[in-house]
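Enquirer: Once you've had a glance at the structure underneath, I'll fire off some questions.
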Amino acid sequence: MEQHVTPCEDAPPPLMYRVERPVFDEAYLHTQLLHPRERSPKTIRQRLAQQLHCSSERAKAIALSFLPILTWLPSYPVKEYLFGDLVSGLSTGVMQLPQGLAYAMLAAVPPVYGLYSSFYPVLLYTFFGTSRHISIGTFAVISLMIGGVVVREAPDSMFTIQALNGTSTNTTVFIDTEARDARRVHVAVVLTTLVGVIQLVLGLLRFGFVAIYLTEPLVRGFTTAAAVHVFISQLKYLLGIQTPRFSGPLSALNSVTAVFSDITSTNVTTLIVGVVCMVVLYCVKDLNERFKKKLPVPIPGEIIVVMVSTGISYGLSLSENYQVDVVRTIPSGLLPPAIPDFSLLPNLVTDSIAIAVVGFSMGISLAKIFALKHGYSVDGNQELIALGLCNFVSSFFHTFAITCSMSRSLVQESTGGNTQIAGLLASMVVLLVVVAIGFVFQPLPQTALAAIIMVNLLGMFKQFRDIPALWRTSKIELAIWLVAFVASVLLGLDLGLLVALGFAILSVIYRTQSPKSVILGQVLDTGLYCDVDEYEKAAECTGIKIFHSNSSIYFANSDLYLNALKEKTGVDPVHLQAIRKARKRQLKKESAERESQNHKSSQKMSAVVKLDVELGVTHEVVAGGGSQNHLDVQGNGQVAETHTESDSEETRFLEPLCPVHTLILDWTPVNFIDSVGAKAIKLVIKEYAAVDVCVFIAGCSRTLLAELRTLQFFTGVATPEMVFPTIHDAVLHCRRRTAPPTIPAIQ
């Protein structure tokens with residue numbers, strides 16, 4: 001028994017959409033309906049005057065954009081924000097101390113320079129940065145990239161010294177670590193200066209959009225590979241063995257080989273200290289994650305590990321009694337500013353570009369996440385300027401390149417930080433340690449710093465979970481992730497980033513080279529047109545093929561576009577031309593055979609008629625087959641033949657070569673077209689016209705139409721009358737054009 005469900009009486013009636021208008025084409029729209037505004041072109045002088053015009057409002061806007069602190073500091077709500085910023089600043093500063101010491105090891109410079117890099121840039125970013133929540137300072141990926149460059153420019157082999165063993169002739173080779181470290185600091189400082197200059201120039205030129213080329217799968221694959229490099233580089237510190245540091249292609253494999261080849265000389269005490277530190281840090285992080293809603297502030301696991309391991313190392317004299325490597329000298333106070341050695345610049349340009357782009361990409365991506373969460377905006381160009389100033393100015397105070405840290409930023413935001421006052425307080429904590437109590441950390445075991453670094457990599461290693469997720473959602477993005485990861489692991493971070501970026505750009509080209517092409521059909525009683533293969537209600541219009549391809553048309557894919565057009569519609573003008581020529585040859589052959597038969601018949605009839613002429617008789621012969629031969633006898637005795645052929649041959653020749661008489665190109669997704677694409681479209685229009693198939697274009701944007709006019713597309717076979725604003729306009733026009741003429745009734 002059927003049950004009829006009636007709609008609720010209170011339900012509102014459906015919103016109706018009724019439009020009645022003539023069918024528009026581009027010729028009518030351009031000349032009659034749309035009239036562009038008259039704008040007098042500005043001269044170069046007028047443009048410069050407009051750009052250089054200065055007023056009090058504009059000066060204030062420039063000052064506020066260059067110094068974002070002025071936008072929020074005057075209205076800083078002390079009662080609401082100060083306590084949260086204070087707790088957040090102290091928590092972040094306590095976390096920044098061990099990370100600064102640890103990441104300096106990644107940068108291949110003495111640990112104290114990590115503290116310098118955790119003070120000056122943070123102080124500057126407070127004034128020039130637009131994000132209120134990210135924590136600026138040392139970061140593992142950037143530190144590792146710097147370390148690769150530093151080791152390449154100042155390898156251990158440059159500082160080997162041979163010394164005689166007493167009175168014997170044997171010599172001992174050792175490394176002058178003081179000279180090596182001084183040289184490496186010079187390289188890191190110059191590299192940081194160049195990174196700052198590049199970021200500053202890009203920001204002033206409004207090149208903040210460069211980060212969009214580092215797509216998220218690329219960045220995540222790259223940072224995962226960097227985590228692998230960082231983990232491998234810390235193995236020797238965890239095991240307490242001495243191995244050279246490698247850089248360049250296959251450096252990760254070489255480092256692993258060197259570690260395992262010398263693993264028999266592992267310092268057991270160093271290994272035990274490192275493993276215990278790792279276990280403690282992991283447990284603390286797990287507790288922080290499990291009880292983050294109940295804990296007012298996260299437990300500072302890093303500073304606890306640093307303090308406890310430093311105390312144990314000092315109390316048990318691990319360095320002297322158990323040969324455990326420690327931080328050693330940490331000078332108190334800040335070093336005076338110095339001008340970097342710019343003679344090193346030529347060798348560092350390529351590396352500095354990579355570090356500048358990666359550092360900015362990491363910073364702006366995290367800044368946008370926090371800005372979206374807390375309801376404010378960040379300026380990509382100002383972020384470039386801020387990072388550039390932080391790196392450039394700080395490099396004169398012996399720092400290495402910085403960016404935002406993921407782990408510290410999360411701590412700064414989760415502990416109640418509201419503004420960069422928290423970052424300012426964190427830098428004051430670092431300053432206190434550098435000026436007053438830096439010497440306390442001299443007995444700190446390096447294996448404890450390695451443990452801190454390794455445990456902080458857990459978040460990056462969790463990015464391996466992206467692989468199954470991307471496999472389900474986007475194979476192309478998965479390929480970008482894997483290429484970025486594999487290339488960066490095998491070739492090094494600098495070349496790996498270049499390869500990954502190139503592959504990402506190629507993936508965009510690939511998508512334009514292989515767009516989805518479909519035939520559209522009309523949804524019954526609507527003006528909607530959808531893919532006929534995907535939707536049941538979409539039906540093709542009789543004699544009309546509507547072709548849709550979701551790509552622009554330019555030199556790289558114009559041939560592919562035309563091939564897809566011919567394949568999807570099933571209408572190939574070259575093939576139809578071949579059929580027409582074959583049909584024409586066949587008709588010519590049949591015509592020749594008929595003429596030959598008629599000629600023989602005429603000869604026979606001539607003989608009969610000649611005989612009858614002599615008798616004075618005139619004959620009229622009526623032939624079958626739709627033709628008539630009138631044979632009249634003239635006065636001079638000649639036979640006159642009047643031959644009337646039927647139109648059957650011509651009718652056969654003029655029959656349509658295929659049932660499709662019209663093609664409509666849906667250009668709704670076409671963003672641009674170049675001269676090569678325009679010529680290709682005009683050529684295919686001409687080819688289809690030769691086989692009596694008309695081509696129309698629908699859905700062009702006004703910008704695309706302006707480009708077509710600039711390219712002089714509407715000349716010859718292409719006219720504005722062929723272009724329609726919508727597919728439905730084009731379909732209605734085609735139906736009327738091909739409709740049979742109506743015969744008026746006879747009165």
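In the structure tokens, chains take letters A, B, ... by order of appearance, with residues numbered from 1 within each chain and ligands from 1 in the order shown.
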Please list as an mmCIF file with C-alpha atoms, in the first residue's frame every residue within 10 Å of stretch 372-378 of chain A, counting only C-alpha atoms and excluding residues in the same chain fewer than 6 positions away.
Expert:
data_model
loop_
_atom_site.group_PDB
_atom_site.id
_atom_site.type_symbol
_atom_site.label_atom_id
_atom_site.label_comp_id
_atom_site.auth_asym_id
_atom_site.auth_seq_id
_atom_site.Cartn_x
_atom_site.Cartn_y
_atom_site.Cartn_z
ATOM 1 C CA PRO A 68 53.031 46.894 14.137
ATOM 2 C CA GLY A 129 56.400 41.346 13.702
ATOM 3 C CA THR A 130 52.687 41.141 12.990
ATOM 4 C CA SER A 131 52.026 37.795 14.687
ATOM 5 C CA ARG A 132 51.212 37.947 18.397
ATOM 6 C CA HIS A 133 51.788 34.282 19.219
ATOM 7 C CA ILE A 364 54.196 32.667 7.932
ATOM 8 C CA ASN A 418 48.299 37.186 24.021
#
Enquirer: Going by DSSP on the backbone, which bits of stretch 180-317 of chain A are helix (DSSP H, G or I)? Write them as a ChimeraX atom specification, please.
Expert: /A:180-204,208-213,216-239,251-261,263-265,268-290,301-316
Enquirer: Contacts of stretch 55-65 of chain A at 12 Å or less, counting only C-alpha atoms, minus same-chain residues fewer than 6 places along, as a PyMOL selection string?
Expert: chain A and resi 71-74+127-130+204+378-383+385-386
Enquirer: Could you tell me how far atom CA of A:Ile330 lies from atom CA of A:Phe439, in Å and to one decimal?
Expert: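 Separation between atom CA of A:Ile330 and atom CA of A:Phe439: 5.6 Å.
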Enquirer: Could you name the residues that touch A:Val440 at 10 Å or less, counting only C-alpha atoms, but leaving out those on the same chain fewer than 6 positions away, as a PyMOL selection string?
Expert: chain A and resi 307+310-311+314+329-330+433
Enquirer: Output as a tab-separated table one row per residue of stretch 409-509 of chain A within 10 Å of stretch 148-162 of chain A: the closest atom pair and its distance in Å to one decimal place, counting only C-alpha atoms, sorted by chain and residue number ascending.
Expert:
residue	atom	partner	partner_atom	distance
A:Gly492	CA	A:Gly148	CA	8.5
A:Leu493	CA	A:Gly148	CA	8.6
A:Asp494	CA	A:Gly148	CA	9.1
Enquirer: From the list A:His575, A:Val393, A:Pro36, A:Val228, which residue is nearest A:Pro337 when using only C-alpha atoms?
Expert: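 Ranked by minimum distance to A:Pro337, first place goes to A:Val393.
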Enquirer: For each of A:Val723, A:Ala450, A:Leu86, A:Met460, take the minimum atom-to-atom distance to A:Tyr28, counting only C-alpha atoms, then give the residue where this is smallest.
Expert: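 Of all the options, A:Val723 lies closest to A:Tyr28.
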Enquirer: So the first atom is atom CA of A:Cys700 and the second is atom CA of A:Val210; what is the distance between them in Å, to one decimal place?
Expert: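 Separation of atom CA of A:Cys700 and atom CA of A:Val210: 29.5 Å.
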Enquirer: Against stretch 99-113 of chain A, which residues of stretch 377-482 of chain A fall within 9 Å? For each one I want the closest pair of atoms and the distance in Å (one decimal), counting only C-alpha atoms, rows by chain and increasing residue number, as JSON lines.
Expert:
{"residue": "A:His398", "atom": "CA", "partner": "A:Tyr113", "partner_atom": "CA", "distance": 6.9}
{"residue": "A:Thr399", "atom": "CA", "partner": "A:Tyr113", "partner_atom": "CA", "distance": 6.0}
{"residue": "A:Phe400", "atom": "CA", "partner": "A:Tyr113", "partner_atom": "CA", "distance": 7.5}
{"residue": "A:Val434", "atom": "CA", "partner": "A:Val112", "partner_atom": "CA", "distance": 8.0}
{"residue": "A:Gly438", "atom": "CA", "partner": "A:Val112", "partner_atom": "CA", "distance": 8.4}
{"residue": "A:Gln446", "atom": "CA", "partner": "A:Ala102", "partner_atom": "CA", "distance": 8.1}
{"residue": "A:Ala448", "atom": "CA", "partner": "A:Ala102", "partner_atom": "CA", "distance": 8.7}
{"residue": "A:Leu449", "atom": "CA", "partner": "A:Ala102", "partner_atom": "CA", "distance": 5.0}
{"residue": "A:Ala450", "atom": "CA", "partner": "A:Ala102", "partner_atom": "CA", "distance": 6.8}
{"residue": "A:Ile452", "atom": "CA", "partner": "A:Ala102", "partner_atom": "CA", "distance": 7.3}
{"residue": "A:Ile453", "atom": "CA", "partner": "A:Ala102", "partner_atom": "CA", "distance": 6.6}
Enquirer: Could you write those residues out with C-alpha atoms, as a compact mmCIF listing (two decimals), in the first residue's frame?
Expert:
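The resulting file, result-v1.txt, is shown below:
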# COMPACT_ATOMS: atom_id res chain seq x y z
CA HIS A 398 77.14 37.13 16.32
CA THR A 399 73.90 35.24 15.80
CA PHE A 400 72.87 32.67 13.22
CA VAL A 434 73.84 34.98 29.26
CA GLY A 438 75.83 31.23 31.82
CA GLN A 446 76.17 17.22 25.14
CA ALA A 448 71.50 15.70 27.18
CA LEU A 449 71.23 18.36 24.48
CA ALA A 450 71.07 15.59 21.86
CA ILE A 452 66.35 17.30 23.89
CA ILE A 453 66.71 17.64 20.13
Enquirer: May I ask which of the residues A:Arg220, A:Arg180, A:His35, A:His53 is the closest one to A:Gln463, counting only C-alpha atoms?
Expert: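 When distances to A:Gln463 are compared using only C-alpha atoms, the smallest one comes from A:Arg220.
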Enquirer: Using atom CA of A:Asp533 and atom CA of A:Lys568 as the two end points, give the distance in Å to one decimal.
Expert: 11.4 Å
Enquirer: Compile the contact shell of A:Leu576 as a list in words: residues with an atom at most 9 Å away, counting only C-alpha atoms, same-chain residues fewer than 3 positions apart removed.
Expert: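 In the requested format, the answer is Val571, Asp572, Pro573, Ile579, Arg580, Lys581, Leu657, Cys658 and Val691 of chain A.
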Enquirer: Would you list the contacts of A:Asn557 as number ranges by chain, taking every protein, DNA or RNA residue within 7 Å and counting only C-alpha atoms, but skipping same-chain residues closer than 3 positions in sequence?
Expert: A: 512-513, 553-554, 560-561
Enquirer: Any chance you can output those residues with all heavy atoms as a tab-separated table (two decimals), in the first residue's frame?
Expert:
chain	number	residue	atom	x	y	z
A	512	THR	N	47.64	20.94	-15.86
A	512	THR	CA	47.12	21.64	-17.03
A	512	THR	C	47.25	20.80	-18.28
A	512	THR	O	46.51	20.99	-19.25
A	512	THR	CB	47.87	22.97	-17.23
A	512	THR	OG1	49.25	22.71	-17.50
A	512	THR	CG2	47.76	23.85	-16.01
A	513	GLN	N	48.21	19.86	-18.29
A	513	GLN	CA	48.40	19.00	-19.45
A	513	GLN	C	47.41	17.85	-19.46
A	513	GLN	O	47.22	17.22	-20.50
A	513	GLN	CB	49.83	18.42	-19.44
A	513	GLN	CG	50.92	19.46	-19.61
A	513	GLN	CD	51.10	19.89	-21.05
A	513	GLN	OE1	50.15	20.18	-21.75
A	513	GLN	NE2	52.32	19.92	-21.51
A	553	ILE	N	43.97	27.72	-21.99
A	553	ILE	CA	44.46	27.30	-23.31
A	553	ILE	C	45.69	28.14	-23.63
A	553	ILE	O	45.58	29.35	-23.82
A	553	ILE	CB	43.38	27.48	-24.39
A	553	ILE	CG1	42.09	26.76	-23.96
A	553	ILE	CG2	43.85	26.94	-25.73
A	553	ILE	CD1	40.90	27.07	-24.84
A	554	TYR	N	46.83	27.49	-23.67
A	554	TYR	CA	48.07	28.19	-23.97
A	554	TYR	C	49.01	27.24	-24.70
A	554	TYR	O	48.62	26.12	-25.07
A	554	TYR	CB	48.70	28.76	-22.69
A	554	TYR	CG	49.13	27.73	-21.68
A	554	TYR	CD1	50.48	27.45	-21.46
A	554	TYR	CD2	48.20	27.02	-20.93
A	554	TYR	CE1	50.87	26.51	-20.53
A	554	TYR	CE2	48.59	26.08	-20.00
A	554	TYR	CZ	49.92	25.83	-19.81
A	554	TYR	OH	50.31	24.89	-18.88
A	560	LEU	N	46.72	19.49	-26.93
A	560	LEU	CA	46.00	18.51	-26.12
A	560	LEU	C	44.52	18.89	-26.01
A	560	LEU	O	43.65	18.01	-26.00
A	560	LEU	CB	46.63	18.44	-24.72
A	560	LEU	CG	48.09	17.99	-24.67
A	560	LEU	CD1	48.63	18.10	-23.25
A	560	LEU	CD2	48.22	16.56	-25.16
A	561	TYR	N	44.24	20.18	-25.92
A	561	TYR	CA	42.85	20.63	-25.85
A	561	TYR	C	42.10	20.25	-27.12
A	561	TYR	O	40.97	19.72	-27.07
A	561	TYR	CB	42.82	22.15	-25.65
A	561	TYR	CG	41.45	22.74	-25.51
A	561	TYR	CD1	40.84	22.86	-24.27
A	561	TYR	CD2	40.74	23.20	-26.62
A	561	TYR	CE1	39.58	23.40	-24.13
A	561	TYR	CE2	39.48	23.74	-26.50
A	561	TYR	CZ	38.90	23.84	-25.25
A	561	TYR	OH	37.64	24.37	-25.13
Enquirer: So, with only C-alpha atoms as the atoms that count, which of A:Leu15, A:Leu711, A:Gly221, A:Met95 lies closest to A:Val306?
Expert: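 Of A:Leu15, A:Leu711, A:Gly221, A:Met95, the one nearest A:Val306, counting only C-alpha atoms, is A:Met95.
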Enquirer: Determine, counting only C-alpha atoms, which protein, DNA and RNA residues have an atom within 10 Å of an atom of A:Ser233; residues of the same chain fewer than 5 positions away are not included. Present the result as a PyMOL selection string.
Expert: chain A and resi 105-106+144+227-228+238+243+245-246+251-252+255-256+259+450+454
